[in-house]
Structures are given as structure tokens and as C-alpha cells.
$ cat data35.txt   # compact mmCIF, C-alpha atoms
# COMPACT_ATOMS: atom_id res chain seq x y z
CA MET A 24 104.08 122.54 100.83
CA GLY A 25 104.70 124.73 103.87
CA ASP A 26 102.24 125.81 106.53
CA GLU A 27 99.15 126.73 104.50
CA ARG A 28 97.71 128.50 107.54
CA ILE A 29 100.33 131.22 107.23
CA ILE A 30 99.56 131.73 103.53
CA VAL A 31 95.83 131.95 104.29
CA ARG A 32 96.51 134.40 107.12
CA ILE A 33 98.56 136.63 104.81
CA LYS A 34 95.72 136.54 102.27
CA ASP A 35 93.20 137.51 104.98
CA TRP A 36 95.41 140.42 106.10
CA GLN A 37 95.61 141.68 102.52
CA ALA A 38 91.85 141.33 102.04
CA ALA A 39 91.22 143.24 105.28
CA GLY A 40 93.50 146.07 104.12
CA LEU A 41 96.02 145.56 106.91
CA ILE A 42 98.88 145.10 104.41
CA ASP A 43 99.28 146.10 100.77
CA ALA A 44 99.93 143.75 97.83
CA ALA A 45 103.69 144.35 97.82
CA THR A 46 104.00 143.50 101.52
CA ALA A 47 101.87 140.40 101.02
CA ASP A 48 104.12 139.24 98.18
CA ARG A 49 107.21 139.76 100.33
CA LEU A 50 105.69 137.77 103.18
CA ARG A 51 104.79 134.91 100.82
CA ALA A 52 108.28 134.95 99.34
CA ASP A 53 109.81 134.81 102.81
CA GLU A 54 107.58 131.89 103.75
CA ALA A 55 108.48 130.08 100.51
CA ALA A 56 112.20 130.69 101.16
CA ARG A 57 111.86 129.26 104.66
CA GLU A 58 110.08 126.25 103.22
CA SER A 59 112.72 125.58 100.56
CA ALA A 60 115.75 126.28 102.81
CA PRO A 61 117.80 123.12 103.51
CA ALA A 62 118.19 121.80 107.01
CA ASP A 63 121.82 122.90 107.25
CA ALA A 64 120.71 126.49 106.75
CA VAL A 65 119.27 126.53 110.26
CA VAL A 66 121.84 127.77 112.78
CA ALA A 67 121.16 127.29 116.46
CA ALA A 68 121.44 130.50 118.46
CA PRO A 69 120.13 131.57 121.86
CA GLY A 70 116.61 132.90 121.45
CA ALA A 71 116.56 132.86 117.62
CA VAL A 72 116.58 130.50 114.67
CA PRO A 73 118.07 132.45 111.73
CA MET A 74 117.36 131.18 108.26
CA ARG A 75 119.47 131.42 105.11
CA ALA A 76 118.34 134.25 102.86
CA PRO A 77 116.91 133.18 99.49
CA SER A 78 119.33 133.21 96.58
CA THR A 79 119.12 135.72 93.77
CA LEU A 80 117.56 133.10 91.49
CA ALA A 81 114.98 132.28 94.15
CA GLN A 82 114.12 135.95 94.50
CA ILE A 83 113.62 136.27 90.74
CA PHE A 84 111.99 132.97 89.82
CA GLY A 85 110.43 132.03 93.15
CA PRO A 86 110.80 128.78 95.12
CA GLY A 87 112.47 125.74 93.61
CA VAL A 88 110.52 123.52 91.24
CA SER A 89 108.96 120.68 93.21
CA ILE A 90 108.53 117.14 91.87
CA GLY A 91 104.79 117.59 91.57
CA GLU A 92 105.24 120.86 89.68
CA MET A 93 107.77 119.29 87.32
CA PHE A 94 105.44 116.40 86.45
CA ALA A 95 102.54 118.84 86.04
CA TYR A 96 104.56 120.76 83.44
CA LEU A 97 105.59 117.56 81.65
CA GLY A 98 102.09 116.10 81.70
CA GLY A 99 100.56 119.33 80.47
CA THR A 100 103.09 119.51 77.65
CA PHE A 101 102.21 116.03 76.43
CA LEU A 102 98.47 116.67 76.69
CA LEU A 103 98.79 119.90 74.74
CA GLY A 104 100.99 118.19 72.17
CA ALA A 105 98.38 115.46 71.71
CA TYR A 106 95.65 118.06 71.23
CA ASN A 107 97.65 120.03 68.68
CA ALA A 108 98.48 116.83 66.77
CA PHE A 109 94.75 116.05 66.71
CA VAL A 110 93.96 119.53 65.37
CA ILE A 111 96.59 119.20 62.62
CA ARG A 112 95.27 115.76 61.63
CA MET A 113 91.70 117.03 61.48
CA ALA A 114 92.83 120.04 59.45
CA GLY A 115 94.50 117.74 56.93
CA GLU A 116 91.26 115.81 56.44
CA THR A 117 89.17 118.89 55.61
CA THR A 118 89.14 121.38 52.75
CA ALA A 119 89.19 124.37 55.13
CA THR A 120 92.61 123.56 56.57
CA GLU A 121 93.51 127.04 57.82
CA LEU A 122 90.06 127.63 59.34
CA THR A 123 90.22 124.34 61.22
CA ILE A 124 93.65 125.19 62.61
CA ALA A 125 92.44 128.68 63.58
CA ILE A 126 89.45 127.29 65.45
CA GLY A 127 91.46 124.55 67.14
CA THR A 128 94.32 126.76 68.30
CA GLY A 129 91.93 129.56 69.26
CA LEU A 130 89.96 127.15 71.45
CA ALA A 131 93.20 125.96 73.07
CA ALA A 132 94.23 129.57 73.72
CA ALA A 133 90.89 130.29 75.39
CA VAL A 134 91.12 127.24 77.67
CA LEU A 135 94.75 127.98 78.54
CA THR A 136 93.88 131.58 79.34
CA ALA A 137 91.10 130.48 81.70
CA ILE A 138 93.45 128.04 83.46
CA ALA A 139 96.14 130.71 83.79
CA VAL A 140 93.68 133.23 85.25
CA VAL A 141 92.62 130.72 87.91
CA LEU A 142 96.25 129.94 88.77
CA SER A 143 97.17 133.63 88.93
CA ARG A 144 94.50 134.27 91.58
CA SER A 145 96.14 131.77 93.93
CA GLY A 146 98.33 132.91 96.79
CA ASP A 147 100.77 130.06 96.16
CA LEU A 148 103.96 131.26 94.48
CA ARG A 149 104.42 128.07 92.46
CA ARG A 150 100.91 128.31 91.03
CA ARG A 151 101.43 131.96 90.16
CA ARG A 152 104.65 131.03 88.38
CA ALA A 153 102.76 128.31 86.51
CA ALA A 154 100.21 130.95 85.51
CA GLY A 155 102.94 132.93 83.77
CA ALA A 156 104.09 129.83 81.87
CA VAL A 157 100.53 128.99 80.79
CA PHE A 158 99.94 132.58 79.66
CA ALA A 159 103.09 132.34 77.50
CA VAL A 160 101.88 129.13 75.85
CA ALA A 161 98.44 130.68 75.32
CA ALA A 162 100.02 133.65 73.53
CA GLY A 163 101.76 131.24 71.15
CA HIS A 164 98.43 129.62 70.33
CA VAL A 165 96.87 133.03 69.74
CA ALA A 166 99.66 133.76 67.24
CA ALA A 167 99.02 130.46 65.47
CA ALA A 168 95.27 131.12 65.36
CA GLY A 169 95.73 134.62 63.95
CA THR A 170 98.17 133.43 61.29
CA ALA A 171 95.90 130.55 60.26
CA LEU A 172 92.90 132.84 60.11
CA GLY A 173 94.79 135.23 57.86
CA GLY A 174 95.77 132.34 55.59
CA TRP A 175 92.13 131.25 55.39
CA ALA A 176 91.29 134.80 54.27
CA ASP A 177 93.88 134.47 51.46
CA VAL A 178 96.28 136.97 53.00
CA THR A 179 99.77 136.40 51.60
CA TRP A 180 103.14 136.30 53.34
CA PRO A 181 104.51 138.34 55.10
CA LEU A 182 101.31 140.25 55.86
CA VAL A 183 99.73 137.09 57.27
CA ALA A 184 102.61 136.91 59.76
CA VAL A 185 101.87 140.50 60.78
CA ILE A 186 98.29 139.47 61.58
CA GLY A 187 99.49 136.61 63.76
CA ALA A 188 102.03 138.82 65.53
CA LEU A 189 99.41 141.51 66.13
CA ALA A 190 97.09 138.93 67.70
CA ALA A 191 99.88 137.60 69.90
CA SER A 192 100.90 141.12 70.97
CA ALA A 193 97.33 142.03 71.90
CA ALA A 194 97.01 138.84 73.93
CA ALA A 195 100.40 139.41 75.60
CA ILE A 196 99.37 142.93 76.63
CA ALA A 197 96.17 141.54 78.18
CA TYR A 198 98.06 138.76 79.95
CA ARG A 199 100.59 141.23 81.34
CA TYR A 200 97.69 143.33 82.66
CA LEU A 201 96.02 140.32 84.27
CA HIS A 202 99.20 138.90 85.80
CA ALA A 203 102.24 141.11 86.38
CA ALA A 204 105.18 138.69 86.43
CA LEU A 205 108.54 138.11 84.78
CA LEU A 206 107.13 135.43 82.46
CA THR A 207 104.27 137.59 81.21
CA GLN A 208 106.72 140.47 80.80
CA ALA A 209 109.02 138.22 78.75
CA THR A 210 106.01 137.05 76.72
CA LEU A 211 105.08 140.66 75.99
CA LEU A 212 108.62 141.55 74.95
CA THR A 213 108.86 138.47 72.71
CA ALA A 214 105.55 139.25 71.03
CA LEU A 215 106.45 142.89 70.42
CA THR A 216 109.85 141.92 69.01
CA GLY A 217 108.24 139.39 66.68
CA LEU A 218 105.72 142.01 65.57
CA ALA A 219 108.54 144.47 64.82
CA ALA A 220 110.43 141.83 62.80
CA VAL A 221 107.52 140.73 60.61
CA THR A 222 106.33 144.31 60.15
CA LEU A 223 109.78 145.32 58.89
CA SER A 224 109.75 142.34 56.52
CA TRP A 225 106.31 143.32 55.21
CA LEU A 226 107.28 146.97 54.72
CA GLU A 227 110.41 145.95 52.85
CA SER A 228 108.37 143.65 50.58
CA VAL A 229 106.14 146.63 49.74
CA VAL A 230 108.92 149.17 49.23
CA ALA A 231 111.42 146.83 47.57
CA PRO A 232 109.53 143.85 46.12
CA ASP A 233 111.35 140.92 44.58
CA LEU A 234 111.18 141.55 40.81
CA GLY A 235 112.70 138.26 39.72
CA PHE A 236 115.69 137.68 37.43
CA THR A 237 116.74 138.65 33.94
CA PRO A 238 117.18 135.98 31.22
CA SER A 239 120.91 136.05 31.98
CA GLY A 240 120.28 135.19 35.63
CA ASN A 241 120.93 138.60 37.18
CA PRO A 242 118.38 140.01 39.65
CA ILE A 243 116.14 142.82 38.43
CA THR A 244 116.96 145.85 40.59
CA ALA A 245 115.44 148.66 38.49
CA GLY A 246 113.02 150.74 40.53
CA ARG A 247 114.12 149.27 43.88
CA PRO A 248 115.70 151.51 46.53
CA GLU A 249 119.45 151.33 46.92
CA PRO A 250 120.49 148.50 49.26
CA VAL A 251 122.34 150.95 51.49
CA ILE A 252 119.09 152.87 52.04
CA LEU A 253 117.32 149.67 53.05
CA ALA A 254 120.13 148.83 55.48
CA ILE A 255 120.05 152.27 57.10
CA ALA A 256 116.25 152.14 57.32
CA ALA A 257 116.40 148.71 59.00
CA ALA A 258 118.97 149.99 61.51
CA ALA A 259 116.80 153.01 62.32
CA TRP A 260 113.75 150.75 62.70
CA TRP A 261 115.40 148.48 65.24
CA LEU A 262 116.90 151.35 67.19
CA ALA A 263 113.46 152.98 67.38
CA VAL A 264 111.93 149.71 68.61
CA ALA A 265 114.69 149.41 71.22
CA VAL A 266 113.98 152.95 72.42
CA GLY A 267 110.30 152.03 72.75
CA VAL A 268 111.19 149.01 74.86
CA GLY A 269 113.48 151.22 76.93
CA LEU A 270 110.56 153.57 77.63
CA LEU A 271 108.59 150.54 78.79
CA SER A 272 111.40 149.76 81.25
CA LEU A 273 111.15 153.31 82.62
CA ARG A 274 107.48 152.73 83.34
CA GLU A 275 108.31 149.57 85.27
CA ALA A 276 111.07 151.41 87.13
CA ARG A 277 108.60 154.09 88.25
CA THR A 278 106.34 151.35 89.60
CA ALA A 279 109.30 149.85 91.45
CA ARG A 280 110.02 153.19 93.13
CA GLU A 281 106.45 153.14 94.43
CA GLY A 282 107.24 150.04 96.47
CA ASP A 283 106.71 147.15 94.03
CA GLU A 284 109.93 145.12 94.23
CA ALA A 285 108.78 142.73 91.50
CA ALA A 286 108.49 145.70 89.14
CA GLY A 287 112.20 146.35 89.66
CA ARG A 288 113.00 142.87 88.35
CA ARG A 289 110.66 143.38 85.40
CA ALA A 290 112.37 146.72 84.70
CA GLY A 291 115.77 144.99 84.72
CA LEU A 292 114.59 142.36 82.26
CA THR A 293 113.09 145.02 79.99
CA ARG A 294 116.26 147.14 80.06
CA LEU A 295 118.35 144.12 79.16
CA TRP A 296 115.94 143.31 76.32
CA ALA A 297 116.12 146.87 75.00
CA GLY A 298 119.92 146.85 74.96
CA LEU A 299 120.18 143.46 73.30
CA LEU A 300 117.50 144.41 70.78
CA ALA A 301 119.37 147.58 69.81
CA THR A 302 122.62 145.61 69.44
CA ALA A 303 121.15 142.69 67.49
CA GLY A 304 119.03 144.94 65.28
CA LEU A 305 121.89 147.26 64.39
CA ALA A 306 124.23 144.32 63.81
CA SER A 307 121.78 142.60 61.46
CA ALA A 308 121.42 145.82 59.46
CA ILE A 309 125.09 146.70 59.15
CA LEU A 310 126.12 143.10 58.35
CA ARG A 311 123.49 142.89 55.62
CA SER A 312 124.46 141.55 52.19
CA ASP A 313 122.46 142.17 49.01
CA HIS A 314 122.70 142.35 45.25
CA LEU A 315 124.77 145.39 44.33
CA GLY A 316 123.75 145.77 40.71
CA ASN A 317 126.72 145.33 38.39
CA HIS A 318 129.01 144.85 41.38
CA GLY A 319 127.66 141.41 42.25
CA TYR A 320 126.56 140.28 45.68
CA GLY A 321 128.18 141.47 48.90
CA ARG A 322 128.12 143.64 51.98
CA VAL A 323 125.92 146.70 51.59
CA LEU A 324 127.95 148.90 53.93
CA GLU A 325 131.70 149.08 54.24
CA PRO A 326 132.58 146.98 57.31
CA TRP A 327 134.37 149.80 59.11
CA ILE A 328 131.27 152.02 58.91
CA GLY A 329 129.05 149.42 60.53
CA ASP A 330 131.70 148.52 63.09
CA LEU A 331 132.05 152.18 64.06
CA ALA A 332 128.27 152.38 64.49
CA LEU A 333 128.37 149.41 66.87
CA VAL A 334 131.18 150.97 68.92
CA ILE A 335 129.17 154.22 69.17
CA LEU A 336 126.15 152.20 70.30
CA ALA A 337 128.31 150.53 72.96
CA VAL A 338 129.40 153.93 74.27
CA ILE A 339 125.78 155.13 74.39
CA LEU A 340 124.72 152.00 76.28
CA VAL A 341 127.49 152.48 78.84
CA GLU A 342 126.39 156.10 79.31
CA ARG A 343 122.82 154.90 79.84
CA ALA A 344 124.05 152.33 82.33
CA PHE A 345 125.68 154.97 84.52
CA ARG A 346 122.86 157.45 84.03
CA ARG A 347 120.18 154.93 85.05
CA GLY A 348 122.28 152.89 87.46
CA ALA A 349 121.47 149.79 85.42
CA SER A 350 124.22 147.24 84.87
CA THR A 351 122.09 145.35 82.33
CA PHE A 352 123.05 147.91 79.68
CA VAL A 353 126.72 146.99 80.24
CA TYR A 354 126.12 143.46 78.96
CA ALA A 355 124.49 144.76 75.78
CA ALA A 356 127.37 147.23 75.35
CA ALA A 357 129.91 144.42 75.69
CA LEU A 358 128.06 142.42 73.04
CA ALA A 359 127.99 145.40 70.64
CA LEU A 360 131.70 146.00 71.16
CA MET A 361 132.50 142.33 70.65
CA ILE A 362 130.52 142.13 67.39
CA GLY A 363 131.99 145.35 66.02
CA LEU A 364 135.61 144.53 66.82
CA SER A 365 135.25 140.92 65.65
CA ASP A 366 133.85 142.01 62.31
CA PHE A 367 136.64 144.58 61.93
CA ASN A 368 139.16 141.88 62.76
CA PHE A 369 137.96 139.38 60.16
CA SER A 370 137.38 142.11 57.56
CA TYR A 371 140.73 143.93 57.75
CA LEU A 372 143.22 142.44 60.19
CA SER A 373 143.20 138.68 59.65
CA ASP A 374 145.47 137.43 56.89
CA SER A 375 145.34 133.85 58.16
CA THR A 376 143.24 131.62 60.39
CA GLU A 377 145.83 131.70 63.17
CA THR A 378 145.99 135.50 63.17
CA GLY A 379 142.23 135.78 63.10
CA LEU A 380 141.78 133.43 66.05
CA LEU A 381 144.55 135.14 68.01
CA VAL A 382 143.10 138.61 67.54
CA GLU A 383 139.58 137.33 68.23
CA GLY A 384 140.70 135.82 71.52
CA LEU A 385 142.32 139.10 72.55
CA ILE A 386 139.12 140.96 71.62
CA LEU A 387 136.97 138.65 73.74
CA LEU A 388 139.31 138.91 76.72
CA ALA A 389 139.45 142.71 76.44
CA ALA A 390 135.67 143.02 76.06
CA GLY A 391 135.07 140.74 79.04
CA PHE A 392 137.57 142.59 81.23
CA ALA A 393 136.15 145.98 80.27
CA ALA A 394 132.58 144.85 80.94
CA ASP A 395 133.52 143.48 84.35
CA ARG A 396 135.36 146.65 85.35
CA LEU A 397 132.44 148.81 84.21
CA ARG A 398 130.02 146.62 86.15
CA ARG A 399 132.10 147.04 89.32
CA ARG A 400 132.39 150.79 88.89
CA LEU A 401 128.66 151.01 88.29
CA ALA A 402 127.93 148.98 91.43
CA GLY A 403 130.20 151.31 93.37
CA ALA A 404 128.51 154.39 91.97
CA VAL A 405 125.08 153.03 92.91
CA ALA A 406 126.33 152.26 96.43
CA VAL A 407 127.66 155.79 96.85
CA GLY A 408 124.36 157.24 95.64
CA ALA A 409 122.40 155.06 98.03
CA THR A 410 124.49 155.45 101.20
CA GLY A 411 126.70 158.46 100.64
CA ALA A 412 129.70 156.40 101.71
CA ALA A 413 132.65 155.25 99.64
CA PRO A 414 132.13 151.69 98.39
CA LEU A 415 134.53 148.88 99.25
CA GLU A 416 136.42 147.33 96.39
CA GLU A 417 135.51 143.71 95.75
CA GLY A 418 137.93 141.40 97.49
CA ALA A 419 139.05 144.05 100.00
$ encode --input "data35.txt" --output "C-alpha cells"
Amino acid sequence: MGDERIIVRIKDWQAAGLIDAATADRLRADEAARESAPADAVVAAPGAVPMRAPSTLAQIFGPGVSIGEMFAYLGGTFLLGAYNAFVIRMAGETTATELTIAIGTGLAAAVLTAIAVVLSRSGDLRRRRAAGAVFAVAAGHVAAAGTALGGWADVTWPLVAVIGALAASAAAIAYRYLHAALLTQATLLTALTGLAAVTLSWLESVVAPDLGFTPSGNPITAGRPEPVILAIAAAAWWLAVAVGVGLLSLREARTAREGDEAAGRRAGLTRLWAGLLATAGLASAILRSDHLGNHGYGRVLEPWIGDLALVILAVILVERAFRRGASTFVYAAALALMIGLSDFNFSYLSDSTETGLLVEGLILLAAGFAADRLRRRLAGAVAVGATGAAPLEEGA
């Protein structure tokens, strides 16, 4: 560890109101960077000892993982694994299996939450990072407890999964409120995405239940909505969820403009999540296969229709990237373009394996080149907006 006296002094300054929380975090990060900087980073100079600036990864994830921290994570993992194995064994020896699992995992979630709260109150950056990891594990146990409790109450699948996802989402929201960090933000986004997925599955089971098969072995489709309607509804669902996550990123961005640098990193993560969620959700909907009545089993939508939708999404994401000055949307746009063009290639252009691989390679190269050029142009546009001066081309 570094000089603890400096960390304590920073904490005293914050408590006395001499500096705000954002300034205190920056001072702690600077002290941690000085601590973790290698000896060759120190350059002798008259009257000053300059230090190497922390890397981008260090700025995002904090100081490097120490040996003690690594063994703490490993030891905690094994202890938690032993406890969960004990809970599962005890559940197998009782008649109330689901209730036993719910109580056991709920107790673990409560203990983990208490540990994470204590760690989050520390001024040490490594302990605060550990708090985010413990909060994430606690949210997983909350999900398990909620699912088991729903099973004990004879709730059937997939509604029981909705109960577990709701419990995890509520816990993730609370954890994010208690400890604003990248890990708790990622936990919240994961929980909300899981909730959206199981909710969509439950709604589909209600609207289009599985009716079984006829004596001849064909699926019973009478009374079910057309598969194309289900595909379009799924695409709209995921796009709406992605928009909701995008609005969450705007909230974080507003906080960042108020002086919270960590909020800017959380906003970047949330924007990236929103773009990838829109791409993955739309792709899963347009690539969907289902029983087509007398026409057998196959793709619900014509490939070119879905591929065109992905290209349009890519264009929208690029527009958002330049509008918001956020390069994270470019990566999601590149993924959407790659999926759409690849599907079009294998659906219409490839008559042989060699041709398919050749065209696919060209698509990947083109998508990568386009994404890189857009990223550079976006960086230049942001630089012009910030300084009013023309940006230098990379490599100039």
C-alpha cells in the first residue's frame, strides 16, 4: 500500500468540506497511480520528479490487482462455493427443496451486501473495487433466491424466471444507488437485460402458447399469431429496451457534465450496452426461425428484409455517435453492419464454401476499415468542438 497518511488526509479534507467528492476521488486515483507506477517511470529533472500518467485501463478499473487482492478474490470464491454446495446438499435432503435454497441464497445475499457496503465506505480504491464485485455476486444470489421462492410457490416457467429477474433488478438498482461504480453499473445493466429477456419469453408463452403436435407429427398452429408478427414484436421489444438503456446513459452523461468524471465512464459503458443490445436484439428477431404452417420450418422473415433493417440500424447508430460525440455507438454499428452483410452473403451470394469465405473476409475487412475511419472522424469532430481548432490527423 502507499502512504496511508495521504489517503486519511484526503478523507479529512472531504469531511471538512474543503474538497468535493469528485476532487477527492481524483486525488485518490492520482495517489494510487503514483503507487503503482514502476520505478522506470520516474524521470530525474531539476526541481521536479514527474510521474507517468495512469493508463486508460488504470483510469477505468483503478490500480492494478495486488497479490493480496488476488488471493482474497480466490479465497472468497472458494468459501462461497463451499457454502452454496452446502445449501444445495441440505436442500436435497429436505422436502422443501426450493424453500431451503431460497433461504440459503437469500442469507448469502444479505451477508454479501453487508460486506460490500463496508468495503464501499473505505477510501481505498482497491476495496471500493472489491465492493462492486461483491455487489455483483450478491445480485446473483438475490436472483437465485427469488427464482427458488417462486418455484416453492408453484409458479411455473417462465414466470418464475421473471420473479427472479425482478428481484435481481431491484437489488441491482439499490446497489447502484449505494455504490456508484462501473461494476455496479454493469450489474444493473445485466439484471435489466435479463429481466427484459425473460419477460419477453413469458409474454410470448401467454400470447403464443405451445399447443403440441397433431397425430401426424405437425405442430398445432391454429389460433397462434403469425410467426412474422412475433418476430416484429420481438424486434420492437428489444429496440424499446435499448432506447431505455440509452436514456439511462443520458442521465449518467448529465452527471458527468456536473463534474463527476466517473459518471462519464459509466455513461460510456451504458451507451455501448444500449448499442449492442439494439443490435443483438434486432438480429435475434430477424434471424428467427419457426414453424411456417404447411410450408415447414424456416426463416420467418426474408433474409434481405432483416439485413436491410440491420443496415438501417447501423446508420442510426452512426448518426447517434456523431450527435452525442460517443464513439461507443460506432462499435455497435460495425457489429450490426457485419451481421447484416454476412447474413446477406450466406443467404444469396455464396454458391460455394470458398466464395462464402472470400466474401465474408472482404465484409469483415470493409466493416473494420469503415469503423476505424468513423472513429477517427468522430474523434476529430469532438476535438474541434472542444478546442475550436482543426484536429491533427493520426500519424501526422
$ residues_around --input "data35.txt" --residues "Ile33 of chain A" --least-positions-apart "5" --cutoff "10 Å" --atoms "all atoms listed in the file" --output "ChimeraX atom specification"
/A:27-28,38-39,41-42,46-48,50-51,146
$ residues_around --input "data35.txt" --residues "Phe158 of chain A" --least-positions-apart "2" --cutoff "7 Å" --atoms "all atoms listed in the file" --output "ChimeraX atom specification"
/A:136,139,154-156,160-162,198,207
$ write_last_selection --input "data35.txt" --atoms "C-alpha atoms" --output "mmCIF file, in the frame of the given file"
data_model
loop_
_atom_site.group_PDB
_atom_site.id
_atom_site.type_symbol
_atom_site.label_atom_id
_atom_site.label_comp_id
_atom_site.auth_asym_id
_atom_site.auth_seq_id
_atom_site.Cartn_x
_atom_site.Cartn_y
_atom_site.Cartn_z
ATOM 1 C CA THR A 136 93.880 131.580 79.340
ATOM 2 C CA ALA A 139 96.140 130.710 83.790
ATOM 3 C CA ALA A 154 100.210 130.950 85.510
ATOM 4 C CA GLY A 155 102.940 132.930 83.770
ATOM 5 C CA ALA A 156 104.090 129.830 81.870
ATOM 6 C CA VAL A 160 101.880 129.130 75.850
ATOM 7 C CA ALA A 161 98.440 130.680 75.320
ATOM 8 C CA ALA A 162 100.020 133.650 73.530
ATOM 9 C CA TYR A 198 98.060 138.760 79.950
ATOM 10 C CA THR A 207 104.270 137.590 81.210
#
$ atom_distance --input "data35.txt" --atom1 "atom CA of Arg294 of chain A" --atom2 "atom CA of Gly217 of chain A"
17.4 Å
$ atom_distance --input "data35.txt" --atom1 "atom CA of Leu135 of chain A" --atom2 "atom CA of Tyr200 of chain A"
16.2 Å
$ atom_distance --input "data35.txt" --atom1 "atom CA of Asp147 of chain A" --atom2 "atom CA of Phe94 of chain A"
17.4 Å
$ closest_residue --input "data35.txt" --among "A:Arg152, A:Arg112, A:Arg343, A:Arg399" --to "Val266 of chain A" --atoms "only C-alpha atoms"
A:Arg343
$ residues_around --input "data35.txt" --residues "segment 166-177 of chain A" --least-positions-apart "3" --cutoff "6 Å" --atoms "all atoms listed in the file" --output "list of chain:residue names"
A:Glu121, A:Leu122, A:Ala125, A:Thr128, A:Gly129, A:Gly163, A:Val183, A:Ala184, A:Ile186, A:Gly187, A:Ala188, A:Ala190, A:Ala191
$ write_last_selection --input "data35.txt" --atoms "C-alpha atoms" --output "tab-separated table (two decimals), in the frame of the given file"
chain	number	residue	atom	x	y	z
A	121	GLU	CA	93.51	127.04	57.82
A	122	LEU	CA	90.06	127.63	59.34
A	125	ALA	CA	92.44	128.68	63.58
A	128	THR	CA	94.32	126.76	68.30
A	129	GLY	CA	91.93	129.56	69.26
A	163	GLY	CA	101.76	131.24	71.15
A	183	VAL	CA	99.73	137.09	57.27
A	184	ALA	CA	102.61	136.91	59.76
A	186	ILE	CA	98.29	139.47	61.58
A	187	GLY	CA	99.49	136.61	63.76
A	188	ALA	CA	102.03	138.82	65.53
A	190	ALA	CA	97.09	138.93	67.70
A	191	ALA	CA	99.88	137.60	69.90
